[in-house]
file run10.cif (mmCIF, C-alpha atoms)
data_final
loop_
_atom_site.label_atom_id
_atom_site.label_comp_id
_atom_site.auth_asym_id
_atom_site.auth_seq_id
_atom_site.Cartn_x
_atom_site.Cartn_y
_atom_site.Cartn_z
CA MET A 6 14.13 -13.26 5.31
CA ALA A 7 12.03 -10.45 3.83
CA ALA A 8 9.59 -10.60 0.93
CA LYS A 9 10.57 -8.42 -2.02
CA PHE A 10 9.06 -7.26 -5.28
CA LEU A 11 10.74 -8.76 -8.33
CA GLY A 12 12.49 -5.51 -9.23
CA GLN A 13 14.03 -5.11 -5.78
CA PHE A 14 15.04 -8.79 -5.80
CA LEU A 15 16.82 -8.43 -9.15
CA LEU A 16 18.47 -5.17 -8.11
CA GLU A 17 19.85 -6.61 -4.87
CA ARG A 18 21.20 -9.63 -6.74
CA GLY A 19 23.02 -7.37 -9.17
CA VAL A 20 21.03 -8.64 -12.15
CA ILE A 21 19.85 -5.15 -13.14
CA THR A 22 20.91 -1.62 -12.27
CA ALA A 23 18.89 1.00 -10.42
CA ALA A 24 18.52 2.98 -13.65
CA GLN A 25 17.20 -0.07 -15.49
CA LEU A 26 14.71 -0.79 -12.70
CA LEU A 27 13.45 2.80 -12.67
CA ALA A 28 13.01 2.82 -16.44
CA ALA A 29 11.12 -0.48 -16.33
CA ILE A 30 8.84 0.66 -13.49
CA GLU A 31 8.00 3.90 -15.31
CA ALA A 32 7.20 1.99 -18.51
CA GLN A 33 5.11 -0.53 -16.60
CA ARG A 34 3.10 2.18 -14.84
CA ALA A 35 2.46 3.96 -18.13
CA SER A 36 1.02 0.75 -19.60
CA ASN A 37 -0.97 -0.22 -16.47
CA PRO A 38 -3.19 2.82 -15.77
CA LEU A 39 -5.78 2.92 -13.03
CA LEU A 40 -9.32 2.54 -14.33
CA GLY A 41 -10.05 6.21 -13.67
CA GLU A 42 -6.98 7.33 -15.59
CA LEU A 43 -7.98 5.13 -18.51
CA ALA A 44 -11.54 6.48 -18.48
CA VAL A 45 -10.26 10.08 -18.57
CA ARG A 46 -7.77 9.21 -21.33
CA GLN A 47 -10.58 7.76 -23.45
CA GLY A 48 -12.88 10.73 -22.81
CA LEU A 49 -15.49 8.72 -20.90
CA LEU A 50 -14.97 10.76 -17.71
CA ASP A 51 -13.48 14.14 -17.04
CA ALA A 52 -10.80 14.65 -14.40
CA ALA A 53 -13.27 16.05 -11.85
CA GLN A 54 -15.57 13.01 -12.16
CA ALA A 55 -12.66 10.59 -11.74
CA ARG A 56 -11.44 12.55 -8.74
CA ARG A 57 -14.86 12.38 -7.05
CA ILE A 58 -14.98 8.61 -7.55
CA HIS A 59 -11.46 8.22 -6.17
CA GLN A 60 -12.46 10.30 -3.14
CA ARG A 61 -15.38 7.97 -2.49
CA GLN A 62 -13.04 5.00 -2.75
CA ARG A 63 -11.05 6.39 0.18
CA VAL A 64 -14.06 6.05 2.47
CA GLU A 65 -15.87 3.12 0.85
CA ASP A 66 -14.38 -0.32 0.33
CA ARG A 67 -15.63 -0.58 -3.25
CA ARG A 68 -14.21 -0.77 -6.75
CA PHE A 69 -13.92 2.28 -8.97
CA GLY A 70 -16.22 0.77 -11.60
CA ASP A 71 -18.98 -0.07 -9.12
CA ILE A 72 -19.03 3.50 -7.81
CA ALA A 73 -18.98 4.92 -11.35
CA LEU A 74 -21.99 2.75 -12.27
CA GLU A 75 -23.92 3.81 -9.18
CA MET A 76 -23.23 7.48 -9.91
CA GLY A 77 -24.29 7.06 -13.54
CA ALA A 78 -20.88 8.28 -14.70
CA LEU A 79 -20.36 5.09 -16.73
CA ASP A 80 -22.72 2.49 -18.13
CA ARG A 81 -22.09 -1.25 -18.09
CA ALA A 82 -20.85 -1.42 -21.68
CA GLN A 83 -18.39 1.40 -21.10
CA LEU A 84 -17.10 -0.18 -17.90
CA ASP A 85 -16.66 -3.61 -19.53
CA ALA A 86 -14.74 -2.03 -22.40
CA LEU A 87 -12.48 -0.18 -19.95
CA LEU A 88 -11.80 -3.35 -17.96
CA ASP A 89 -10.95 -5.25 -21.17
CA ALA A 90 -8.60 -2.47 -22.28
CA GLN A 91 -6.96 -2.32 -18.86
CA LYS A 92 -6.40 -6.09 -18.85
CA ALA A 93 -5.09 -6.15 -22.43
CA GLY A 94 -2.57 -3.42 -21.73
CA ARG A 95 -1.25 -4.81 -18.44
CA ARG A 96 2.45 -5.71 -18.57
CA MET A 97 4.54 -7.64 -16.08
CA LEU A 98 7.83 -6.13 -14.93
CA GLY A 99 9.81 -9.07 -16.27
CA ASP A 100 8.32 -8.58 -19.73
CA VAL A 101 9.23 -4.89 -19.66
CA LEU A 102 12.82 -5.70 -18.63
CA LEU A 103 13.03 -8.13 -21.54
CA GLU A 104 11.73 -5.56 -24.01
CA GLN A 105 14.21 -2.97 -22.75
CA GLY A 106 17.12 -5.42 -23.06
CA ALA A 107 17.95 -5.30 -19.35
CA ILE A 108 17.87 -9.10 -19.07
CA ASP A 109 17.81 -12.07 -21.44
CA PRO A 110 15.01 -14.69 -21.47
CA ASP A 111 17.03 -17.54 -19.93
CA ARG A 112 18.30 -15.40 -17.06
CA LEU A 113 14.82 -14.02 -16.44
CA GLU A 114 13.32 -17.52 -16.24
CA ALA A 115 15.98 -18.59 -13.76
CA GLU A 116 15.55 -15.46 -11.63
CA LEU A 117 11.77 -15.82 -11.61
CA ALA A 118 12.12 -19.33 -10.19
CA LEU A 119 14.48 -18.08 -7.48
CA HIS A 120 12.17 -15.18 -6.71
CA ARG A 121 9.14 -17.46 -6.32
CA ALA A 122 11.06 -19.70 -3.92
CA SER A 123 12.28 -16.69 -1.93
CA GLN A 124 8.75 -15.28 -1.71
CA GLU A 125 7.38 -18.60 -0.49
CA ASP A 126 10.04 -18.88 2.24
CA ALA A 127 9.40 -15.28 3.31
CA ARG A 128 5.64 -15.86 3.41
CA HIS A 129 6.00 -18.92 5.64
CA ALA A 130 8.38 -17.10 8.00
CA PHE A 131 6.08 -14.07 8.21
CA GLU A 132 2.96 -16.15 8.83
CA SER A 133 4.74 -18.12 11.57
CA GLU A 134 5.75 -14.93 13.38
CA LEU A 135 2.25 -13.51 13.20
CA ALA A 136 0.69 -16.77 14.37
CA ALA A 137 2.88 -16.70 17.48
CA HIS A 138 2.10 -13.05 18.38
CA PRO A 139 -0.91 -11.92 20.47
CA LEU A 140 -1.71 -9.27 17.85
CA GLY A 141 -1.29 -11.55 14.86
CA ASP A 142 -4.95 -11.44 13.84
CA LEU A 143 -5.09 -7.65 14.16
CA ALA A 144 -1.90 -7.33 12.12
CA ASN A 145 -3.29 -9.62 9.43
CA SER A 146 -6.38 -7.41 9.18
CA ALA A 147 -4.22 -4.27 8.85
CA VAL A 148 -1.94 -5.85 6.24
CA GLY A 149 -4.96 -6.98 4.25
CA LEU A 150 -6.36 -3.45 4.34
CA CYS A 151 -3.11 -2.02 2.99
CA ALA A 152 -3.04 -4.59 0.19
CA ARG A 153 -6.64 -3.78 -0.71
CA LEU A 154 -6.65 0.00 -0.32
CA PHE A 155 -3.19 1.14 -1.41
CA PRO A 156 -3.70 0.33 -5.12
CA ARG A 157 -6.88 2.44 -4.99
CA MET A 158 -5.48 5.30 -2.91
CA LEU A 159 -1.95 5.37 -4.27
CA GLY A 160 -1.88 3.42 -7.52
CA SER A 161 0.78 1.20 -5.95
CA GLN A 162 0.80 -2.32 -4.65
CA CYS A 163 2.33 -3.18 -1.31
CA LEU A 164 3.30 -6.38 0.46
CA PRO A 165 4.40 -7.34 3.97
CA ALA A 166 8.14 -7.95 4.11
CA GLU A 167 8.99 -8.92 7.70
CA VAL A 168 8.28 -8.35 11.38
CA LEU A 169 10.61 -5.69 12.79
CA ALA A 170 12.03 -5.30 16.31
CA PRO A 171 12.02 -1.83 17.98
CA GLU A 172 15.79 -1.50 17.53
CA GLU A 173 15.33 -1.85 13.75
CA LEU A 174 13.01 1.17 13.45
CA ASP A 175 15.33 4.16 13.60
CA SER A 176 15.33 4.63 9.81
CA TRP A 177 11.68 5.74 9.64
CA PRO A 178 11.43 9.17 11.31
CA ILE A 179 8.14 10.34 9.70
CA VAL A 180 5.31 8.88 11.80
CA ALA A 181 1.54 9.16 12.09
CA HIS A 182 -0.26 7.20 14.80
CA VAL A 183 -4.01 7.03 15.41
CA ARG A 184 -5.38 5.58 18.63
CA VAL A 185 -8.93 4.47 19.43
CA GLU A 186 -10.08 4.65 23.04
CA GLY A 187 -12.98 2.56 24.30
CA ASP A 188 -13.99 -0.95 25.21
CA ARG A 189 -11.21 -2.42 23.08
CA PRO A 190 -8.51 0.20 22.61
CA LEU A 191 -6.28 -0.16 19.58
CA GLY A 192 -3.87 1.85 17.52
CA ILE A 193 -2.39 1.88 14.04
CA ALA A 194 0.59 3.80 12.71
CA LEU A 195 2.53 4.31 9.52
CA ALA A 196 6.17 5.39 9.46
CA SER A 197 8.58 6.06 6.61
CA ASP A 198 11.68 7.99 5.71
CA LEU A 199 11.25 11.40 4.09
CA PRO A 200 11.68 10.31 0.43
CA ALA A 201 9.03 7.60 0.83
CA ALA A 202 6.71 10.01 2.68
CA ARG A 203 7.01 12.47 -0.21
CA ALA A 204 6.31 9.75 -2.78
CA LEU A 205 3.30 8.48 -0.83
CA ALA A 206 1.95 12.03 -0.48
CA CYS A 207 2.36 12.75 -4.21
CA ALA A 208 0.46 9.57 -5.06
CA LEU A 209 -2.29 10.16 -2.48
CA LEU A 210 -2.87 13.81 -3.37
CA ARG A 211 -2.07 13.33 -7.07
CA ILE A 212 0.26 16.30 -7.21
CA SER A 213 3.83 16.77 -8.43
CA PRO A 214 6.71 16.91 -5.91
CA ASP A 215 7.31 20.61 -6.46
CA LEU A 216 3.83 21.52 -5.19
CA PHE A 217 4.14 20.47 -1.56
CA ASP A 218 6.49 20.69 1.41
CA ASP A 219 7.54 18.21 4.08
CA ASP A 220 4.70 19.21 6.40
CA LEU A 221 2.22 18.25 3.71
CA ALA A 222 3.93 14.87 3.38
CA GLN A 223 3.45 14.37 7.12
CA ASP A 224 -0.22 15.38 6.86
CA ALA A 225 -0.77 12.96 3.97
CA LEU A 226 0.63 10.12 6.07
CA GLY A 227 -1.85 11.07 8.79
CA GLU A 228 -4.71 11.01 6.30
CA MET A 229 -3.69 7.52 5.16
CA VAL A 230 -3.65 6.29 8.77
CA ASN A 231 -7.10 7.80 9.38
CA VAL A 232 -8.47 5.89 6.39
CA LEU A 233 -6.88 2.63 7.54
CA MET A 234 -8.19 3.08 11.07
CA GLY A 235 -11.71 3.68 9.79
CA TYR A 236 -11.68 0.35 8.00
CA LEU A 237 -9.88 -1.44 10.82
CA VAL A 238 -12.52 -0.34 13.34
CA HIS A 239 -15.22 -1.65 11.02
CA ASP A 240 -13.42 -4.98 10.61
CA VAL A 241 -12.36 -5.77 14.19
CA LEU A 242 -14.76 -3.94 16.54
CA ALA A 243 -18.33 -5.01 17.19
CA ASP A 244 -21.02 -2.78 15.72
CA ASP A 245 -22.20 -1.78 19.20
CA ALA A 246 -18.70 -1.16 20.59
CA SER A 247 -18.11 2.16 22.34
CA TYR A 248 -15.00 3.95 21.09
CA ARG A 249 -13.48 7.34 20.32
CA ALA A 250 -10.83 7.88 17.65
CA LEU A 251 -8.14 10.46 18.44
CA PRO A 252 -6.49 12.72 15.83
CA PRO A 253 -3.21 11.49 14.27
CA ASP A 254 -0.21 11.94 16.56
CA THR A 255 3.09 12.66 14.82
CA SER A 256 5.21 13.27 17.91
CA VAL A 257 6.08 9.75 19.10
CA PRO A 258 8.88 7.83 17.30
CA ILE A 259 7.87 4.52 15.81
CA ALA A 260 10.49 2.70 17.92
CA THR A 261 8.81 4.04 21.06
CA LEU A 262 5.38 2.95 19.87
CA ALA A 263 6.77 -0.54 19.23
CA ALA A 264 8.75 -0.82 22.48
CA ASP A 265 6.26 -3.13 24.24
CA ARG A 266 6.55 -6.17 22.00
CA GLU A 267 3.62 -7.97 23.62
CA ARG A 268 1.22 -5.08 22.98
CA SER A 269 2.54 -3.84 19.63
CA LEU A 270 3.69 -5.32 16.36
CA ALA A 271 5.71 -3.52 13.69
CA ILE A 272 5.77 -4.85 10.14
CA GLY A 273 8.13 -3.72 7.40
CA MET A 274 6.15 -3.19 4.19
CA GLY A 275 7.39 -2.91 0.63
CA SER A 276 5.74 -0.79 -2.04
CA GLN A 277 6.60 0.60 -5.45
CA LEU A 278 6.74 4.05 -3.84
CA GLY A 279 9.21 3.08 -1.12
CA GLY A 280 9.35 1.07 2.07
CA PHE A 281 7.35 1.92 5.18
CA VAL A 282 6.40 0.47 8.56
CA LEU A 283 2.90 -0.59 9.54
CA LEU A 284 2.34 -0.84 13.29
CA VAL A 285 -0.64 -2.10 15.26
CA ASP A 286 -0.96 -1.87 19.04
CA ARG A 287 -3.35 -2.63 21.86
CA HIS A 288 -2.16 -0.11 24.45
CA GLY A 289 -4.94 0.82 26.81
#

call {"tool": "encode", "arguments": {"input": "run10.cif", "output": "structure tokens"}}
result
Amino acid sequence: MAAKFLGQFLLERGVITAAQLLAAIEAQRASNPLLGELAVRQGLLDAAQARRIHQRQRVEDRRFGDIALEMGALDRAQLDALLDAQKAGRRMLGDVLLEQGAIDPDRLEAELALHRASQEDARHAFESELAAHPLGDLANSAVGLCARLFPRMLGSQCLPAEVLAPEELDSWPIVAHVRVEGDRPLGIALASDLPAARALACALLRISPDLFDDDLAQDALGEMVNVLMGYLVHDVLADDASYRALPPDTSVPIATLAADRERSLAIGMGSQLGGFVLLVDRHG
């Protein structure tokens, strides 16, 4: 059983159509801007200032507002007003579907209850699999990083769906894998299909799809893995540990990286930009 976002859950159950889901997601995103986007929209920051703060967020595990305060780009009153406006404008997907007439209130209430139960079952199953695996703690750290960093880097939430076996990984041909050599070698990889890689790259680089090619999508995946590895090293290796991080490798299929199931763990992840695989390994 895999965890799913509400929209995917409703789509797979035939409650809404793909067109209705896309329209609702677009409306929800428009009403739930990132803090930097909201600051630019209100004229408190220009695009270059917001971009510099976002770039710092990629290397620092800190909130946009805290960095903006430190840089003097915003004062406390401005930041508080932005946070209030962001909270007031936030809309849940179910509410958007109601407003667009894609679902009626009674059906939505019933589906929300089913979705909550499904999510709880999926969470228990996922946690049990991780608890039984030698790399469970490492995987939990990596999943937590994705959940924390992806909204900042990509403007999209993500969630772990399920543990995947090597034979289930043929659908994700775009791969970037970073390995750390040293006292405690470890690796982390991301893999996706081409449409998801393009969507992730557009969100990361904040460019439109017509401005990049497939090689750039591959490079963007490598940049994301580099960022994750930087945080993972900080979280799981001792401060005095000796290690050397290698450049991203895009040549090895994700199924091959996951072949040794005692030394690697592949996790299917869901996001609003498309599904992807997160892999951690301890090959030395």

call {"tool": "closest_residue", "arguments": {"input": "run10.cif", "among": "A:Pro214, A:Gly227, A:Pro258, A:Gly19", "to": "Ser176 in chain A", "atoms": "only C-alpha atoms"}}
result
A:Pro258

call {"tool": "resolve_selection", "arguments": {"input": "run10.cif", "expression": "the PyMOL selection byres ((chain A and resi 117-133) around 8)", "output": "JSON, numbers by chain"}}
result
{"A": [6, 7, 8, 9, 11, 14, 113, 114, 115, 116, 134, 135, 136, 137, 166, 167, 168]}

call {"tool": "resolve_selection", "arguments": {"input": "run10.cif", "expression": "the PyMOL selection byres ((chain A and resi 278-281) around 6)", "output": "list in words"}}
result
Ala196, Ser197, Ala201, Ala204, Met274, Gly275, Ser276, Gln277 and Val282 of chain A

call {"tool": "closest_residue", "arguments": {"input": "run10.cif", "among": "A:Gly235, A:Gly41, A:Gly99, A:Pro253", "to": "Ala73 in chain A", "atoms": "all atoms listed in the file"}}
result
A:Gly41

call {"tool": "resolve_selection", "arguments": {"input": "run10.cif", "expression": "the PyMOL selection byres ((chain A and resi 39) around 9)", "output": "PyMOL selection string"}}
result
chain A and resi 37-38+40-44+91+156-157+160

call {"tool": "closest_residue", "arguments": {"input": "run10.cif", "among": "A:Ala82, A:Cys163, A:Leu102, A:Val64", "to": "Ala24 in chain A", "atoms": "all atoms listed in the file"}}
result
A:Leu102

call {"tool": "atom_distance", "arguments": {"input": "run10.cif", "atom1": "CA of Val232 in chain A", "atom2": "CA of Leu195 in chain A"}}
result
11.5 Å

call {"tool": "residues_around", "arguments": {"input": "run10.cif", "residues": "Asp254 in chain A", "least_positions_apart": "6", "cutoff": "7 Å", "atoms": "all atoms listed in the file", "output": "ChimeraX atom specification"}}
result
/A:181-183

call {"tool": "write_last_selection", "arguments": {"input": "run10.cif", "atoms": "C-alpha atoms", "output": "CSV table (one decimal), in the coordinates of the input"}}
result
chain,number,residue,atom,x,y,z
A,181,ALA,CA,1.5,9.2,12.1
A,182,HIS,CA,-0.3,7.2,14.8
A,183,VAL,CA,-4.0,7.0,15.4

call {"tool": "closest_residue", "arguments": {"input": "run10.cif", "among": "A:Asp85, A:Met76, A:Val101, A:Arg68", "to": "Ala28 in chain A", "atoms": "all atoms listed in the file"}}
result
A:Val101

call {"tool": "atom_distance", "arguments": {"input": "run10.cif", "atom1": "CA of Gln47 in chain A", "atom2": "CA of Gly77 in chain A"}}
result
16.9 Å

call {"tool": "residues_around", "arguments": {"input": "run10.cif", "residues": "Leu26 in chain A", "least_positions_apart": "3", "cutoff": "10 Å", "atoms": "only C-alpha atoms", "output": "PyMOL selection string"}}
result
chain A and resi 11-13+15-16+21-23+29-32+98+101-102+107

call {"tool": "closest_residue", "arguments": {"input": "run10.cif", "among": "A:Arg266, A:Arg153, A:His138, A:Arg96", "to": "Arg34 in chain A", "atoms": "only C-alpha atoms"}}
result
A:Arg96
